[in-house]
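Student: Below is a structure I'd like to ask you about.
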Amino acid sequence: MSENSQNKRQYQPLEISEVRIYPANGKGNILAYASIELNGVFTVHGLRVLQGKDGPFVSMPQRIVKDEYKDICHPNTKDFRKAVNDAVLDKYEGWLERDESDAG
């Protein structure tokens with residue numbers, strides 16, 4: 001067996017197994033905070049649902065580096081970015097509906 005074949009690992013495709021939404025309590029254009037769980041074994045905190053000019057969108061966790069915002073982590077493919085956005089925004093919309101029905 002070659003060294004390369006010994007070091008190859010089998011990876012499971014990533015699936016978003018859970019999304020959690022947290023209120024932002026009126027902090028500027030931040031509508032909510034979110035966390036996603038991947039395959040039930042890895043959690044990413046610090047996602048934000050922001051109000052943009054074309055509606056809500058999802059921002060990945062960020063930090064400031066030399067006066068610039070940089071993503072700490074992010075999807076590497078267009079398809080997985082869409083999956084994250086769709087999952088978080090769907091959960092956010094459901095959370096809004098429950099919040100409105102609780103207030104009424």
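Residue numbering restarts at 1 for every chain of the structure tokens, chains are lettered A, B, ... in their displayed order, and ligands are numbered from 1 as they appear.
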Residues within 10 Å of region 54-67 of chain A, please, as a VMD selection string. Count only C-alpha atoms; anything in the same chain fewer than 3 positions from it doesn't count.
Tutor: chain A and resid 29 to 35 44 to 51 70 to 75 81 to 82 84 to 89 92 to 93
Student: Write out the residues from the selection above, keeping N, CA and C atoms, as a JSON list (two decimals), in the first residue's frame.
Tutor:
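Result file is result39.json:
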```json
[["chain", "number", "residue", "atom", "x", "y", "z"],
["A", 29, "ASN", "N", -28.70, 46.67, 12.18],
["A", 29, "ASN", "CA", -29.30, 45.87, 11.10],
["A", 29, "ASN", "C", -29.21, 44.37, 11.38],
["A", 30, "ILE", "N", -28.78, 43.99, 12.59],
["A", 30, "ILE", "CA", -28.75, 42.57, 12.96],
["A", 30, "ILE", "C", -30.15, 42.17, 13.39],
["A", 31, "LEU", "N", -30.74, 41.23, 12.65],
["A", 31, "LEU", "CA", -32.09, 40.76, 12.97],
["A", 31, "LEU", "C", -32.07, 39.63, 13.99],
["A", 32, "ALA", "N", -31.05, 38.78, 13.92],
["A", 32, "ALA", "CA", -30.93, 37.64, 14.85],
["A", 32, "ALA", "C", -29.52, 37.07, 14.74],
["A", 33, "TYR", "N", -29.17, 36.26, 15.72],
["A", 33, "TYR", "CA", -27.94, 35.48, 15.69],
["A", 33, "TYR", "C", -28.32, 34.03, 15.46],
["A", 34, "ALA", "N", -27.40, 33.23, 14.93],
["A", 34, "ALA", "CA", -27.70, 31.83, 14.67],
["A", 34, "ALA", "C", -26.49, 30.95, 14.91],
["A", 35, "SER", "N", -26.76, 29.68, 15.17],
["A", 35, "SER", "CA", -25.75, 28.63, 15.24],
["A", 35, "SER", "C", -26.23, 27.50, 14.35],
["A", 44, "VAL", "N", -21.16, 25.59, 14.61],
["A", 44, "VAL", "CA", -20.60, 26.90, 14.26],
["A", 44, "VAL", "C", -21.52, 27.95, 14.89],
["A", 45, "HIS", "N", -20.95, 28.76, 15.78],
["A", 45, "HIS", "CA", -21.68, 29.85, 16.42],
["A", 45, "HIS", "C", -21.32, 31.16, 15.73],
["A", 46, "GLY", "N", -22.12, 32.19, 15.96],
["A", 46, "GLY", "CA", -21.77, 33.53, 15.52],
["A", 46, "GLY", "C", -22.26, 33.92, 14.14],
["A", 47, "LEU", "N", -23.13, 33.10, 13.53],
["A", 47, "LEU", "CA", -23.74, 33.54, 12.28],
["A", 47, "LEU", "C", -24.72, 34.64, 12.62],
["A", 48, "ARG", "N", -24.94, 35.54, 11.67],
["A", 48, "ARG", "CA", -25.88, 36.64, 11.91],
["A", 48, "ARG", "C", -26.87, 36.71, 10.75],
["A", 49, "VAL", "N", -28.11, 36.98, 11.09],
["A", 49, "VAL", "CA", -29.12, 37.29, 10.07],
["A", 49, "VAL", "C", -29.17, 38.82, 10.04],
["A", 50, "LEU", "N", -28.80, 39.38, 8.89],
["A", 50, "LEU", "CA", -28.73, 40.83, 8.73],
["A", 50, "LEU", "C", -29.80, 41.32, 7.77],
["A", 51, "GLN", "N", -30.24, 42.55, 7.97],
["A", 51, "GLN", "CA", -31.17, 43.17, 7.04],
["A", 51, "GLN", "C", -30.37, 43.89, 5.96],
["A", 70, "LYS", "N", -13.04, 39.84, 8.42],
["A", 70, "LYS", "CA", -12.68, 38.59, 7.75],
["A", 70, "LYS", "C", -13.54, 37.47, 8.32],
["A", 71, "ASP", "N", -14.06, 36.62, 7.43],
["A", 71, "ASP", "CA", -14.80, 35.46, 7.90],
["A", 71, "ASP", "C", -13.87, 34.53, 8.65],
["A", 72, "ILE", "N", -14.34, 34.01, 9.77],
["A", 72, "ILE", "CA", -13.58, 33.02, 10.54],
["A", 72, "ILE", "C", -13.71, 31.66, 9.87],
["A", 73, "CYS", "N", -14.91, 31.37, 9.39],
["A", 73, "CYS", "CA", -15.17, 30.14, 8.66],
["A", 73, "CYS", "C", -16.25, 30.43, 7.63],
["A", 74, "HIS", "N", -16.28, 29.63, 6.60],
["A", 74, "HIS", "CA", -17.27, 29.87, 5.54],
["A", 74, "HIS", "C", -17.39, 28.64, 4.66],
["A", 75, "PRO", "N", -18.55, 28.49, 4.00],
["A", 75, "PRO", "CA", -18.70, 27.40, 3.04],
["A", 75, "PRO", "C", -17.75, 27.61, 1.86],
["A", 81, "ARG", "N", -23.06, 27.05, 0.55],
["A", 81, "ARG", "CA", -23.42, 28.40, 1.02],
["A", 81, "ARG", "C", -24.92, 28.60, 0.91],
["A", 82, "LYS", "N", -25.51, 28.16, -0.21],
["A", 82, "LYS", "CA", -26.96, 28.27, -0.39],
["A", 82, "LYS", "C", -27.69, 27.42, 0.65],
["A", 84, "VAL", "N", -26.66, 26.64, 3.68],
["A", 84, "VAL", "CA", -26.58, 27.34, 4.97],
["A", 84, "VAL", "C", -27.56, 28.51, 5.00],
["A", 85, "ASN", "N", -27.53, 29.34, 3.96],
["A", 85, "ASN", "CA", -28.45, 30.49, 3.90],
["A", 85, "ASN", "C", -29.89, 30.04, 3.99],
["A", 86, "ASP", "N", -30.27, 29.04, 3.19],
["A", 86, "ASP", "CA", -31.66, 28.58, 3.18],
["A", 86, "ASP", "C", -32.07, 28.03, 4.55],
["A", 87, "ALA", "N", -31.22, 27.21, 5.16],
["A", 87, "ALA", "CA", -31.54, 26.61, 6.46],
["A", 87, "ALA", "C", -31.71, 27.68, 7.54],
["A", 88, "VAL", "N", -30.79, 28.64, 7.58],
["A", 88, "VAL", "CA", -30.84, 29.68, 8.62],
["A", 88, "VAL", "C", -32.04, 30.61, 8.38],
["A", 89, "LEU", "N", -32.25, 31.04, 7.13],
["A", 89, "LEU", "CA", -33.37, 31.95, 6.86],
["A", 89, "LEU", "C", -34.71, 31.26, 7.06],
["A", 92, "TYR", "N", -35.19, 31.21, 10.76],
["A", 92, "TYR", "CA", -35.46, 32.57, 11.21],
["A", 92, "TYR", "C", -36.91, 32.96, 10.92],
["A", 93, "GLU", "N", -37.39, 32.66, 9.71],
["A", 93, "GLU", "CA", -38.78, 33.00, 9.36],
["A", 93, "GLU", "C", -39.76, 32.25, 10.25]]
```
Student: Report as number ranges by chain: the residues of chain A with a DSSP assignment of strand (DSSP E), based on the backbone of this structure.
Tutor: A: 16-27, 30-38, 42-52, 55-59, 62-65, 68-71
Student: Quick one, how far is CA of Glu97 (chain A) from CA of Gly40 (chain A)?
Tutor: 26.0 Å
Student: Taking only C-alpha atoms into account, which of A:Gly52, A:Ile36, A:Arg9, A:Val41 comes nearest Ile21 (chain A)?
Tutor: A:Ile36
Student: Between A:Ile16, A:Ala24, A:Ala83, A:Leu96, single out the one closest to Asn39 (chain A), counting only C-alpha atoms.
Tutor: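 Distance minimum relative to Asn39 (chain A) lands on A:Ile16.
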